[in-house]
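Structure data follow from query.cif (mmCIF, C-alpha atoms and all ligand atoms):
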data_work
#
loop_
_atom_site.label_atom_id
_atom_site.label_comp_id
_atom_site.auth_asym_id
_atom_site.auth_seq_id
_atom_site.Cartn_x
_atom_site.Cartn_y
_atom_site.Cartn_z
CA ASN A 12 8.49 -5.39 -48.53
CA ASN A 13 7.73 -2.75 -51.14
CA HIS A 14 4.51 -4.42 -52.17
CA LEU A 15 3.21 -3.77 -48.66
CA ILE A 16 3.66 -0.03 -48.95
CA GLU A 17 0.61 1.98 -49.95
CA LYS A 18 0.23 5.52 -51.14
CA ARG A 19 -0.88 8.05 -48.57
CA PRO A 20 -4.21 9.78 -49.03
CA GLU A 21 -3.74 13.28 -50.38
CA GLU A 22 -6.76 14.67 -48.54
CA HIS A 23 -4.88 14.08 -45.27
CA ASP A 24 -1.97 16.23 -46.42
CA ALA A 25 -4.42 18.96 -47.39
CA LEU A 26 -6.05 18.86 -43.95
CA ILE A 27 -2.69 18.85 -42.17
CA ALA A 28 -1.59 21.94 -44.07
CA THR A 29 -4.54 23.87 -42.57
CA LEU A 30 -3.72 23.02 -38.92
CA PRO A 31 -2.09 25.57 -36.57
CA LEU A 32 1.70 25.44 -36.48
CA GLU A 33 3.86 25.51 -33.37
CA PRO A 34 4.34 29.07 -32.16
CA PHE A 35 8.04 28.65 -31.31
CA LEU A 36 10.77 29.19 -33.80
CA GLU A 37 13.10 26.63 -32.27
CA ARG A 38 12.39 23.00 -32.88
CA PRO A 39 13.22 21.08 -29.75
CA PHE A 40 12.25 17.63 -30.72
CA SER A 41 10.31 17.44 -33.93
CA PHE A 42 13.26 16.50 -36.11
CA ASP A 43 12.72 18.11 -39.49
CA GLN A 44 9.02 18.54 -39.15
CA PRO A 45 7.02 21.17 -37.33
CA TYR A 46 4.37 20.31 -34.80
CA ARG A 47 0.76 21.02 -35.60
CA LEU A 48 -2.24 21.19 -33.33
CA TYR A 49 -4.92 18.62 -34.10
CA LYS A 50 -7.99 18.49 -31.86
CA GLY A 51 -6.02 19.87 -28.92
CA VAL A 52 -2.97 17.63 -29.41
CA TRP A 53 0.44 18.68 -30.74
CA MET A 54 1.92 16.24 -33.20
CA SER A 55 4.59 16.09 -35.84
CA GLU A 56 3.31 15.95 -39.38
CA ILE A 57 4.43 12.39 -39.83
CA ASN A 58 2.56 11.25 -36.74
CA LEU A 59 -0.48 13.21 -37.87
CA ARG A 60 -0.44 11.51 -41.21
CA GLY A 61 -0.26 8.17 -39.45
CA THR A 62 -3.05 9.13 -37.06
CA LEU A 63 -5.44 10.20 -39.79
CA ALA A 64 -4.77 7.06 -41.80
CA MET A 65 -5.19 4.97 -38.68
CA GLN A 66 -8.48 6.59 -37.76
CA GLN A 67 -9.76 5.97 -41.24
CA ARG A 68 -8.53 2.46 -41.81
CA PHE A 69 -7.59 0.55 -38.70
CA LYS A 70 -9.77 -2.45 -37.89
CA SER A 71 -9.24 -3.98 -34.48
CA CYS A 72 -9.92 -7.59 -33.47
CA PRO A 73 -11.47 -8.42 -30.09
CA THR A 74 -8.27 -10.24 -29.11
CA ASP A 75 -5.99 -7.25 -29.81
CA ILE A 76 -3.94 -5.70 -27.04
CA PHE A 77 -2.83 -2.10 -27.32
CA LEU A 78 -0.08 -0.56 -25.28
CA ALA A 79 -0.79 3.14 -25.01
CA SER A 80 1.63 5.61 -23.45
CA PHE A 81 2.94 9.13 -23.58
CA PRO A 82 6.47 8.97 -25.05
CA LYS A 83 9.18 8.34 -22.40
CA SER A 84 6.78 6.93 -19.85
CA GLY A 85 8.00 3.33 -19.93
CA THR A 86 6.94 2.16 -23.39
CA THR A 87 10.02 0.03 -24.04
CA TRP A 88 9.69 -1.75 -20.72
CA SER A 89 5.95 -2.31 -21.12
CA LYS A 90 6.44 -3.63 -24.64
CA ALA A 91 8.91 -6.15 -23.29
CA MET A 92 6.65 -7.17 -20.40
CA ILE A 93 3.55 -7.60 -22.57
CA PHE A 94 5.46 -9.46 -25.26
CA ALA A 95 7.21 -11.77 -22.81
CA THR A 96 4.03 -12.45 -20.87
CA LEU A 97 2.09 -13.46 -23.95
CA ALA A 98 4.95 -15.37 -25.56
CA ARG A 99 5.93 -17.29 -22.45
CA THR A 100 4.64 -20.66 -23.60
CA ASN A 101 6.44 -20.44 -26.93
CA ASN A 102 9.85 -19.27 -25.85
CA SER A 103 12.31 -20.66 -23.43
CA LEU A 104 13.58 -17.80 -21.35
CA ASN A 105 17.25 -18.37 -22.09
CA GLN A 106 16.69 -18.16 -25.83
CA HIS A 107 14.10 -15.47 -25.81
CA PRO A 108 13.47 -13.17 -28.82
CA LEU A 109 14.03 -10.23 -26.47
CA SER A 110 17.68 -11.30 -26.17
CA THR A 111 18.17 -10.62 -29.88
CA HIS A 112 15.48 -8.02 -30.63
CA ASN A 113 14.84 -4.62 -29.16
CA PRO A 114 11.32 -4.47 -27.65
CA HIS A 115 10.36 -1.92 -30.33
CA GLN A 116 11.04 -4.56 -32.97
CA CYS A 117 8.69 -6.96 -31.18
CA VAL A 118 5.76 -4.57 -30.78
CA PRO A 119 5.07 -2.13 -33.64
CA TYR A 120 4.35 1.57 -33.23
CA MET A 121 1.08 2.03 -35.08
CA GLU A 122 1.21 5.68 -36.12
CA VAL A 123 4.55 5.14 -37.83
CA GLU A 124 3.43 1.99 -39.66
CA PHE A 125 0.43 3.91 -40.95
CA ALA A 126 2.41 7.04 -41.74
CA THR A 127 4.82 5.06 -43.87
CA GLY A 128 2.11 3.12 -45.69
CA LYS A 129 2.97 -0.17 -44.00
CA ARG A 130 -0.23 -0.83 -42.11
CA GLN A 131 -0.46 -4.32 -43.64
CA ILE A 132 2.43 -5.29 -41.41
CA LEU A 133 -0.03 -5.08 -38.52
CA GLU A 134 -2.33 -7.53 -40.23
CA VAL A 135 0.19 -10.34 -40.26
CA ILE A 136 0.99 -10.25 -36.54
CA PRO A 137 -0.17 -13.54 -35.02
CA SER A 138 -3.13 -13.32 -32.65
CA PRO A 139 -3.33 -11.94 -30.04
CA ARG A 140 -1.76 -8.94 -31.73
CA VAL A 141 0.14 -6.47 -29.59
CA MET A 142 0.53 -2.95 -30.91
CA ASN A 143 1.65 0.35 -29.48
CA THR A 144 0.25 3.82 -29.86
CA HIS A 145 1.15 7.15 -28.31
CA LEU A 146 -2.25 8.62 -29.18
CA PRO A 147 -4.38 10.09 -26.42
CA TYR A 148 -7.65 8.27 -25.78
CA SER A 149 -9.61 11.00 -27.56
CA LEU A 150 -7.84 10.32 -30.86
CA LEU A 151 -7.93 6.53 -30.88
CA PRO A 152 -9.77 5.04 -33.85
CA ASP A 153 -13.40 4.13 -33.03
CA SER A 154 -12.53 0.57 -33.89
CA ILE A 155 -10.34 0.45 -30.78
CA THR A 156 -12.58 2.33 -28.35
CA GLU A 157 -15.77 0.61 -29.41
CA SER A 158 -14.64 -3.00 -29.64
CA SER A 159 -13.85 -5.39 -26.81
CA CYS A 160 -10.08 -5.29 -27.38
CA ARG A 161 -7.95 -4.27 -24.40
CA ILE A 162 -5.66 -1.36 -23.68
CA VAL A 163 -2.73 -1.28 -21.28
CA TYR A 164 -1.83 2.31 -20.42
CA VAL A 165 1.39 3.21 -18.68
CA TRP A 166 2.11 6.65 -17.28
CA ARG A 167 4.93 8.20 -15.35
CA ASP A 168 5.69 11.24 -13.24
CA PRO A 169 5.64 14.03 -15.86
CA LYS A 170 8.75 15.57 -14.32
CA ASP A 171 10.72 12.41 -15.04
CA VAL A 172 9.17 12.20 -18.49
CA ILE A 173 10.57 15.56 -19.49
CA VAL A 174 14.04 14.73 -18.16
CA SER A 175 13.99 11.41 -20.00
CA MET A 176 12.85 13.13 -23.18
CA TRP A 177 15.51 15.78 -22.88
CA TYR A 178 18.27 13.16 -22.91
CA PHE A 179 16.60 11.06 -25.58
CA ALA A 180 16.33 14.08 -27.87
CA GLN A 181 20.00 14.83 -27.36
CA LYS A 182 20.96 11.32 -28.39
CA ILE A 183 18.86 11.52 -31.51
CA LEU A 184 19.88 15.00 -32.51
CA GLY A 185 23.53 14.32 -31.76
CA GLY A 186 24.29 16.41 -28.70
CA ALA A 187 23.07 19.15 -26.39
CA ASP A 188 24.43 21.83 -28.73
CA LYS A 189 21.80 20.81 -31.29
CA MET A 190 19.02 21.43 -28.78
CA VAL A 191 17.24 24.33 -27.23
CA THR A 192 18.20 24.90 -23.59
CA PHE A 193 16.58 22.81 -20.88
CA ASP A 194 14.65 25.95 -19.83
CA GLN A 195 13.17 26.33 -23.29
CA PHE A 196 12.49 22.65 -23.56
CA TYR A 197 10.74 22.76 -20.21
CA GLU A 198 8.71 25.78 -21.29
CA HIS A 199 7.52 23.98 -24.43
CA TYR A 200 6.59 20.93 -22.44
CA TYR A 201 4.78 22.89 -19.78
CA GLN A 202 2.68 24.51 -22.50
CA GLY A 203 1.89 21.10 -23.95
CA LEU A 204 4.07 21.69 -26.96
CA ASN A 205 5.59 18.32 -27.16
CA SER A 206 5.01 15.27 -29.28
CA TYR A 207 1.47 14.17 -28.28
CA GLY A 208 1.26 16.91 -25.66
CA PRO A 209 -0.08 18.11 -23.40
CA ILE A 210 0.77 15.20 -21.16
CA TRP A 211 -1.87 16.13 -18.56
CA ASN A 212 -4.77 15.52 -20.93
CA HIS A 213 -3.14 12.35 -22.18
CA VAL A 214 -3.00 10.76 -18.74
CA LEU A 215 -6.41 12.09 -17.69
CA GLY A 216 -8.15 10.74 -20.79
CA TYR A 217 -7.03 7.19 -20.13
CA TRP A 218 -7.53 7.51 -16.38
CA GLU A 219 -11.15 8.58 -16.77
CA GLU A 220 -11.89 5.82 -19.24
CA SER A 221 -10.15 3.23 -17.05
CA LYS A 222 -12.47 4.21 -14.19
CA ARG A 223 -15.46 3.81 -16.46
CA ARG A 224 -14.30 0.55 -18.05
CA PRO A 225 -11.68 -1.19 -15.90
CA GLU A 226 -12.03 -4.37 -17.94
CA LYS A 227 -11.04 -2.39 -21.05
CA ILE A 228 -8.13 -0.31 -19.75
CA LEU A 229 -5.43 -1.33 -17.33
CA PHE A 230 -3.97 1.90 -15.94
CA LEU A 231 -0.42 1.38 -14.70
CA LYS A 232 2.21 3.70 -13.31
CA TYR A 233 5.90 3.34 -14.07
CA GLU A 234 6.97 4.12 -10.51
CA HIS A 235 4.58 1.54 -9.08
CA ILE A 236 5.89 -1.18 -11.40
CA LEU A 237 9.44 -0.30 -10.38
CA GLN A 238 8.50 -0.85 -6.74
CA GLU A 239 6.54 -4.07 -7.12
CA PRO A 240 7.28 -5.60 -10.51
CA VAL A 241 6.04 -9.10 -9.64
CA LYS A 242 2.69 -7.82 -8.46
CA TYR A 243 2.16 -5.82 -11.65
CA ALA A 244 3.43 -8.62 -13.89
CA LYS A 245 0.69 -10.82 -12.46
CA GLN A 246 -1.91 -8.10 -12.85
CA LEU A 247 -0.85 -7.60 -16.45
CA ALA A 248 -1.12 -11.30 -17.28
CA HIS A 249 -4.51 -11.51 -15.64
CA PHE A 250 -5.77 -8.46 -17.51
CA MET A 251 -4.57 -9.83 -20.85
CA GLY A 252 -6.46 -13.07 -20.27
CA CYS A 253 -3.40 -15.27 -19.69
CA PRO A 254 -3.00 -15.41 -15.89
CA TYR A 255 -0.10 -17.37 -14.43
CA SER A 256 -1.03 -20.87 -13.31
CA GLU A 257 -0.17 -22.05 -9.83
CA THR A 258 2.50 -24.28 -11.32
CA GLU A 259 4.05 -21.33 -13.15
CA GLU A 260 4.03 -19.26 -9.99
CA ASN A 261 5.64 -22.09 -8.03
CA GLN A 262 8.28 -22.48 -10.73
CA GLY A 263 9.16 -18.80 -10.48
CA VAL A 264 8.06 -17.95 -14.03
CA VAL A 265 6.77 -14.52 -13.01
CA GLU A 266 10.10 -13.59 -11.45
CA GLN A 267 11.94 -14.87 -14.53
CA ILE A 268 9.88 -12.67 -16.82
CA VAL A 269 10.38 -9.68 -14.55
CA GLU A 270 14.12 -10.36 -14.59
CA LEU A 271 14.22 -10.78 -18.38
CA CYS A 272 12.45 -7.44 -18.85
CA SER A 273 14.39 -5.59 -16.18
CA PHE A 274 16.33 -2.50 -17.13
CA LYS A 275 19.66 -4.16 -16.48
CA THR A 276 18.98 -7.35 -18.41
CA LEU A 277 17.58 -5.61 -21.47
CA LYS A 278 20.22 -2.89 -21.49
CA ASP A 279 23.02 -5.45 -21.45
CA PHE A 280 21.87 -7.47 -24.46
CA ASP A 281 24.14 -6.81 -27.44
CA VAL A 282 21.17 -5.86 -29.61
CA ASN A 283 20.40 -3.02 -27.21
CA LYS A 284 24.03 -1.96 -26.94
CA TYR A 285 24.89 -1.84 -30.61
CA GLY A 286 21.70 -2.10 -32.68
CA ASN A 287 19.71 0.60 -34.43
CA LEU A 288 16.01 0.96 -34.87
CA PRO A 289 14.83 1.31 -38.46
CA THR A 290 12.84 4.56 -38.54
CA SER A 291 10.51 6.20 -40.99
CA ASP A 292 12.37 9.46 -41.38
CA ASN A 293 16.05 9.88 -41.87
CA ILE A 294 17.01 9.91 -38.24
CA ASN A 295 19.21 7.48 -36.45
CA VAL A 296 17.71 5.99 -33.33
CA THR A 297 20.02 3.61 -31.53
CA ASN A 298 18.49 0.87 -29.42
CA ALA A 299 20.71 2.03 -26.58
CA SER A 300 18.92 5.39 -26.49
CA PHE A 301 15.87 3.69 -24.96
CA PHE A 302 17.88 2.67 -21.91
CA ARG A 303 19.27 5.50 -19.83
CA LYS A 304 18.78 5.30 -16.04
CA GLY A 305 15.50 3.48 -15.59
CA GLU A 306 14.83 5.08 -12.19
CA ALA A 307 12.21 7.18 -10.50
CA GLY A 308 12.95 10.74 -9.39
CA ASP A 309 15.82 11.80 -11.64
CA TRP A 310 13.94 15.10 -12.05
CA LYS A 311 15.34 16.17 -8.67
CA ASN A 312 18.74 16.40 -10.31
CA HIS A 313 17.38 18.75 -12.97
CA ILE A 314 14.31 20.61 -11.85
CA ASP A 315 14.94 21.11 -8.13
CA SER A 316 17.93 23.28 -8.83
CA ARG A 317 16.01 25.50 -11.20
CA ASP A 318 14.50 28.86 -10.41
CA GLY A 319 11.61 27.37 -8.45
CA ARG A 320 9.04 29.42 -10.29
CA LYS A 321 8.60 26.77 -12.95
CA ALA A 322 8.98 23.89 -10.55
CA ARG A 323 6.06 25.23 -8.53
CA HIS A 324 3.81 25.14 -11.59
CA TYR A 325 3.95 21.39 -11.50
CA TYR A 326 1.89 21.13 -8.37
P1 LIG A 401 15.08 7.38 -18.25
O1 LIG A 401 15.48 8.26 -19.39
O2 LIG A 401 14.52 8.16 -17.11
O3 LIG A 401 16.15 6.45 -17.83
P2 LIG A 401 10.09 4.93 -23.31
O4 LIG A 401 10.37 3.48 -23.32
O5 LIG A 401 8.64 5.25 -23.15
O6 LIG A 401 10.74 5.62 -24.46
O7 LIG A 401 10.75 5.50 -21.96
C1 LIG A 401 12.13 5.46 -21.80
C2 LIG A 401 12.43 5.46 -20.30
O8 LIG A 401 12.20 4.15 -19.76
C3 LIG A 401 13.88 5.77 -20.03
O9 LIG A 401 13.87 6.45 -18.77
C4 LIG A 401 14.48 4.39 -19.93
O10 LIG A 401 15.72 4.33 -19.26
C5 LIG A 401 13.39 3.64 -19.17
N1 LIG A 401 13.44 2.19 -19.36
C6 LIG A 401 13.69 1.49 -20.49
N2 LIG A 401 13.64 0.17 -20.24
C7 LIG A 401 13.34 0.02 -18.95
C8 LIG A 401 13.16 -1.12 -18.10
N3 LIG A 401 13.29 -2.36 -18.57
N4 LIG A 401 12.85 -0.91 -16.81
C9 LIG A 401 12.72 0.35 -16.33
N5 LIG A 401 12.89 1.46 -17.07
C10 LIG A 401 13.19 1.30 -18.37
#
Can you give me the file's structure in the form of structure tokens?
Amino acid sequence: NNHLIEKRPEEHDALIATLPLEPFLERPFSFDQPYRLYKGVWMSEINLRGTLAMQQRFKSCPTDIFLASFPKSGTTWSKAMIFATLARTNNSLNQHPLSTHNPHQCVPYMEVEFATGKRQILEVIPSPRVMNTHLPYSLLPDSITESSCRIVYVWRDPKDVIVSMWYFAQKILGGADKMVTFDQFYEHYYQGLNSYGPIWNHVLGYWEESKRRPEKILFLKYEHILQEPVKYAKQLAHFMGCPYSETEENQGVVEQIVELCSFKTLKDFDVNKYGNLPTSDNINVTNASFFRKGEAGDWKNHIDSRDGRKARHYY
């Protein structure tokens, strides 16, 4: 698709070069690129490039649905749920695209498409388009915040987010020996120095806006969905304007979609065991790396046993 790739604006690179750089010497999770601080948010240069291009150029449609999340908060799962909910009339569940495609192949990650000059890919998604961003509310393009399109936001206990991220980073970087220690990683995270950090502002920004405009933002929590997936699957469908009919409910369609998108089902598909995700930079992300434990509270196995000083800062 080379003809779909456009040149990146040079003025963005010039702006990025003026932004503050991460104060740490070690790079826990930014691959080859340093983090920079843009309007109170730490981001890798590639994501910044994508963000600036997106803010300048993205045009939303009223029917668009955006999945927004802090990385490692349940993005993969939510992508699957949104995709399967919207596609349910077109796909029989036993031959579903999610059985042969990783959820990240079904719902594009906007900053990366923009960063790599492939924003046109977003224009050919059939309506209603579903797209994912990790941007905080404050950095979303005006075209998203000011139009009537809808945003699904998923958040998760920040303690589990850091544990999930710690393992994800290891898989990508090829082992714990390529990483800073968990203590250092934790310290970075606590100070907000993490891709799209700090997490606190991220969650608060969407929470406040969801209170102001509940019809615009559906604010979901990973742990709640884990407890009552059917309830939240229905809420999601209703919010997206495609509620389940009585017939569908009687036929058990909601339960089937929940089952299809469950951790176990998705993890066991061959595509998620053996496939790789094409990425913008020269890193290898396996589809399997998006499926680890899929539980709430794993932080107790990592943070509880720590010195307590840092654990207390969480509360
Ligand atoms: P753990 O590392 O705690 O297991 P993201 O999708 O935002 O990158 O987040 C990844 C986290 O979501 C990982 O958490 C992963 O195991 C979990 N996850 C992926 N698919 C899931 C699913 N279908 N149901 C529940 N959790 C899921």
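Using only C-alpha atoms, the shortest contact distance between Ala244 in chain A and any of A:Arg47, A:Val264, A:Glu157, A:Val174 is found at A:Val264.
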For Val163 in chain A, please output as a PyMOL selection string all residues within 12 Å (counting only C-alpha atoms; exclusion window: fewer than 2 positions along the same chain).
-> chain A and resi 75-80+85-86+89-90+92-93+141-145+148+160-161+165-166+217-218+220-221+225-232+243+246-251
As a check of understanding: the span from CA of Ser256 in chain A to CA of Gln106 in chain A is 21.9 Å
Taking only C-alpha atoms and all ligand atoms into account, produce a table as CSV in which each residue of chain A with an atom at most 10 Å from an atom of ligand LIG 401 (chain A) appears once, together with its shortest atom pair and the distance in Å to one decimal, ordered by chain and rising number.
residue,atom,partner,partner_atom,distance
A:Ala79,CA,A:LIG401,O5,9.8
A:Ser80,CA,A:LIG401,O5,7.0
A:Phe81,CA,A:LIG401,O5,6.9
A:Pro82,CA,A:LIG401,O5,4.7
A:Lys83,CA,A:LIG401,O5,3.2
A:Ser84,CA,A:LIG401,O5,4.1
A:Gly85,CA,A:LIG401,O5,3.8
A:Thr86,CA,A:LIG401,O5,3.5
A:Thr87,CA,A:LIG401,O4,3.5
A:Trp88,CA,A:LIG401,N3,4.2
A:Ser89,CA,A:LIG401,O4,7.6
A:Lys90,CA,A:LIG401,O4,8.2
A:Ala91,CA,A:LIG401,N3,7.5
A:Met92,CA,A:LIG401,N3,8.4
A:Pro114,CA,A:LIG401,N2,9.0
A:His115,CA,A:LIG401,O4,8.8
A:His145,CA,A:LIG401,O5,9.3
A:Val165,CA,A:LIG401,O5,8.8
A:Trp166,CA,A:LIG401,O5,8.9
A:Arg167,CA,A:LIG401,O5,9.1
A:Lys170,CA,A:LIG401,O2,9.8
A:Asp171,CA,A:LIG401,O2,6.1
A:Val172,CA,A:LIG401,O2,6.8
A:Ile173,CA,A:LIG401,O2,8.7
A:Val174,CA,A:LIG401,O2,6.7
A:Ser175,CA,A:LIG401,O1,3.5
A:Met176,CA,A:LIG401,O1,6.7
A:Trp177,CA,A:LIG401,O1,8.3
A:Tyr178,CA,A:LIG401,O1,6.6
A:Phe179,CA,A:LIG401,O1,6.9
A:Tyr233,CA,A:LIG401,C9,7.8
A:Glu234,CA,A:LIG401,C9,9.0
A:Ile236,CA,A:LIG401,C9,8.6
A:Leu237,CA,A:LIG401,C9,6.8
A:Pro240,CA,A:LIG401,N4,9.6
A:Val269,CA,A:LIG401,N3,8.8
A:Glu270,CA,A:LIG401,N3,9.0
A:Leu271,CA,A:LIG401,N3,8.5
A:Cys272,CA,A:LIG401,N3,5.2
A:Ser273,CA,A:LIG401,N3,4.2
A:Phe274,CA,A:LIG401,N3,3.4
A:Lys275,CA,A:LIG401,N3,6.9
A:Thr276,CA,A:LIG401,N3,7.6
A:Leu277,CA,A:LIG401,N3,6.1
A:Lys278,CA,A:LIG401,N2,7.4
A:Ala299,CA,A:LIG401,O10,9.2
A:Ser300,CA,A:LIG401,O10,8.0
A:Phe301,CA,A:LIG401,C1,5.2
A:Phe302,CA,A:LIG401,O10,3.8
A:Arg303,CA,A:LIG401,O10,3.8
A:Lys304,CA,A:LIG401,O3,3.4
A:Gly305,CA,A:LIG401,N5,3.6
A:Glu306,CA,A:LIG401,O2,5.8
A:Ala307,CA,A:LIG401,O2,7.1
A:Gly308,CA,A:LIG401,O2,8.3
A:Asp309,CA,A:LIG401,O2,6.7
A:Trp310,CA,A:LIG401,O2,8.6
Would you mind exporting C-alpha atoms of the selected residues as a PDB file, keeping the file's coordinate frame?
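Listed below is the output, part_34.pdb:
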ATOM      1  CA  ALA A  79      -0.790   3.140 -25.010  1.00  0.00           C
ATOM      2  CA  SER A  80       1.630   5.610 -23.450  1.00  0.00           C
ATOM      3  CA  PHE A  81       2.940   9.130 -23.580  1.00  0.00           C
ATOM      4  CA  PRO A  82       6.470   8.970 -25.050  1.00  0.00           C
ATOM      5  CA  LYS A  83       9.180   8.340 -22.400  1.00  0.00           C
ATOM      6  CA  SER A  84       6.780   6.930 -19.850  1.00  0.00           C
ATOM      7  CA  GLY A  85       8.000   3.330 -19.930  1.00  0.00           C
ATOM      8  CA  THR A  86       6.940   2.160 -23.390  1.00  0.00           C
ATOM      9  CA  THR A  87      10.020   0.030 -24.040  1.00  0.00           C
ATOM     10  CA  TRP A  88       9.690  -1.750 -20.720  1.00  0.00           C
ATOM     11  CA  SER A  89       5.950  -2.310 -21.120  1.00  0.00           C
ATOM     12  CA  LYS A  90       6.440  -3.630 -24.640  1.00  0.00           C
ATOM     13  CA  ALA A  91       8.910  -6.150 -23.290  1.00  0.00           C
ATOM     14  CA  MET A  92       6.650  -7.170 -20.400  1.00  0.00           C
ATOM     15  CA  PRO A 114      11.320  -4.470 -27.650  1.00  0.00           C
ATOM     16  CA  HIS A 115      10.360  -1.920 -30.330  1.00  0.00           C
ATOM     17  CA  HIS A 145       1.150   7.150 -28.310  1.00  0.00           C
ATOM     18  CA  VAL A 165       1.390   3.210 -18.680  1.00  0.00           C
ATOM     19  CA  TRP A 166       2.110   6.650 -17.280  1.00  0.00           C
ATOM     20  CA  ARG A 167       4.930   8.200 -15.350  1.00  0.00           C
ATOM     21  CA  LYS A 170       8.750  15.570 -14.320  1.00  0.00           C
ATOM     22  CA  ASP A 171      10.720  12.410 -15.040  1.00  0.00           C
ATOM     23  CA  VAL A 172       9.170  12.200 -18.490  1.00  0.00           C
ATOM     24  CA  ILE A 173      10.570  15.560 -19.490  1.00  0.00           C
ATOM     25  CA  VAL A 174      14.040  14.730 -18.160  1.00  0.00           C
ATOM     26  CA  SER A 175      13.990  11.410 -20.000  1.00  0.00           C
ATOM     27  CA  MET A 176      12.850  13.130 -23.180  1.00  0.00           C
ATOM     28  CA  TRP A 177      15.510  15.780 -22.880  1.00  0.00           C
ATOM     29  CA  TYR A 178      18.270  13.160 -22.910  1.00  0.00           C
ATOM     30  CA  PHE A 179      16.600  11.060 -25.580  1.00  0.00           C
ATOM     31  CA  TYR A 233       5.900   3.340 -14.070  1.00  0.00           C
ATOM     32  CA  GLU A 234       6.970   4.120 -10.510  1.00  0.00           C
ATOM     33  CA  ILE A 236       5.890  -1.180 -11.400  1.00  0.00           C
ATOM     34  CA  LEU A 237       9.440  -0.300 -10.380  1.00  0.00           C
ATOM     35  CA  PRO A 240       7.280  -5.600 -10.510  1.00  0.00           C
ATOM     36  CA  VAL A 269      10.380  -9.680 -14.550  1.00  0.00           C
ATOM     37  CA  GLU A 270      14.120 -10.360 -14.590  1.00  0.00           C
ATOM     38  CA  LEU A 271      14.220 -10.780 -18.380  1.00  0.00           C
ATOM     39  CA  CYS A 272      12.450  -7.440 -18.850  1.00  0.00           C
ATOM     40  CA  SER A 273      14.390  -5.590 -16.180  1.00  0.00           C
ATOM     41  CA  PHE A 274      16.330  -2.500 -17.130  1.00  0.00           C
ATOM     42  CA  LYS A 275      19.660  -4.160 -16.480  1.00  0.00           C
ATOM     43  CA  THR A 276      18.980  -7.350 -18.410  1.00  0.00           C
ATOM     44  CA  LEU A 277      17.580  -5.610 -21.470  1.00  0.00           C
ATOM     45  CA  LYS A 278      20.220  -2.890 -21.490  1.00  0.00           C
ATOM     46  CA  ALA A 299      20.710   2.030 -26.580  1.00  0.00           C
ATOM     47  CA  SER A 300      18.920   5.390 -26.490  1.00  0.00           C
ATOM     48  CA  PHE A 301      15.870   3.690 -24.960  1.00  0.00           C
ATOM     49  CA  PHE A 302      17.880   2.670 -21.910  1.00  0.00           C
ATOM     50  CA  ARG A 303      19.270   5.500 -19.830  1.00  0.00           C
ATOM     51  CA  LYS A 304      18.780   5.300 -16.040  1.00  0.00           C
ATOM     52  CA  GLY A 305      15.500   3.480 -15.590  1.00  0.00           C
ATOM     53  CA  GLU A 306      14.830   5.080 -12.190  1.00  0.00           C
ATOM     54  CA  ALA A 307      12.210   7.180 -10.500  1.00  0.00           C
ATOM     55  CA  GLY A 308      12.950  10.740  -9.390  1.00  0.00           C
ATOM     56  CA  ASP A 309      15.820  11.800 -11.640  1.00  0.00           C
ATOM     57  CA  TRP A 310      13.940  15.100 -12.050  1.00  0.00           C
TER      58      TRP A 310
END
Could you check which of A:Met190, A:Cys253, A:Leu30, A:Ile268 is closest to Leu97 in chain A, using only C-alpha atoms?
-> A:Cys253
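Note that CA of Ile294 in chain A and CA of Leu109 in chain A are 23.5 Å apart.
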Which of these, A:Pro31, A:Gln267, A:Pro254, A:Ser71, has the shortest distance to Ser55 in chain A once you count all atoms listed in the file?
->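 The shortest atom-to-atom distance to Ser55 in chain A comes from A:Pro31.
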So that I can see what lies close to Ala28 in chain A, please list as a PDB file with C-alpha atoms, keeping the file's coordinate frame the residues with an atom at most 12 Å from it, counting all atoms listed in the file and leaving out residues fewer than 3 positions away in the same chain.
ATOM      1  CA  GLU A  21      -3.740  13.280 -50.380  1.00  0.00           C
ATOM      2  CA  GLU A  22      -6.760  14.670 -48.540  1.00  0.00           C
ATOM      3  CA  HIS A  23      -4.880  14.080 -45.270  1.00  0.00           C
ATOM      4  CA  ASP A  24      -1.970  16.230 -46.420  1.00  0.00           C
ATOM      5  CA  ALA A  25      -4.420  18.960 -47.390  1.00  0.00           C
ATOM      6  CA  PRO A  31      -2.090  25.570 -36.570  1.00  0.00           C
ATOM      7  CA  LEU A  32       1.700  25.440 -36.480  1.00  0.00           C
ATOM      8  CA  PRO A  45       7.020  21.170 -37.330  1.00  0.00           C
ATOM      9  CA  TYR A  46       4.370  20.310 -34.800  1.00  0.00           C
ATOM     10  CA  ARG A  47       0.760  21.020 -35.600  1.00  0.00           C
ATOM     11  CA  LEU A  48      -2.240  21.190 -33.330  1.00  0.00           C
ATOM     12  CA  TYR A  49      -4.920  18.620 -34.100  1.00  0.00           C
ATOM     13  CA  SER A  55       4.590  16.090 -35.840  1.00  0.00           C
ATOM     14  CA  GLU A  56       3.310  15.950 -39.380  1.00  0.00           C
ATOM     15  CA  LEU A  59      -0.480  13.210 -37.870  1.00  0.00           C
ATOM     16  CA  ARG A  60      -0.440  11.510 -41.210  1.00  0.00           C
TER      17      ARG A  60
END
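Using only C-alpha atoms, the protein and nucleic acid residues lying at most 12 Å from the point (-13.5, 4.6, -31.2) are Met65, Gln66, Gln67, Arg68, Phe69, Lys70, Ser71, Pro147, Tyr148, Ser149, Leu150, Leu151, Pro152, Asp153, Ser154, Ile155, Thr156, Glu157, Ser158, Ser159 and Cys160 of chain A.
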Select, from A:Thr96, A:Thr127, A:Gln238, A:Thr74, the residue with the minimum atom-to-atom distance to Pro139 in chain A, counting all atoms listed in the file.
->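 Smallest separation from Pro139 in chain A among the options: A:Thr74.
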Enclose range 103-112 of chain A, meaning all of its atoms listed in the file, in a box aligned along x, y and z, pad it by 3 Å on each side, and list the centre and edge lengths in Å to one decimal, as JSON.
{"center_x": 15.2, "center_y": -14.3, "center_z": -26.0, "size_x": 11.9, "size_y": 18.6, "size_z": 15.3}
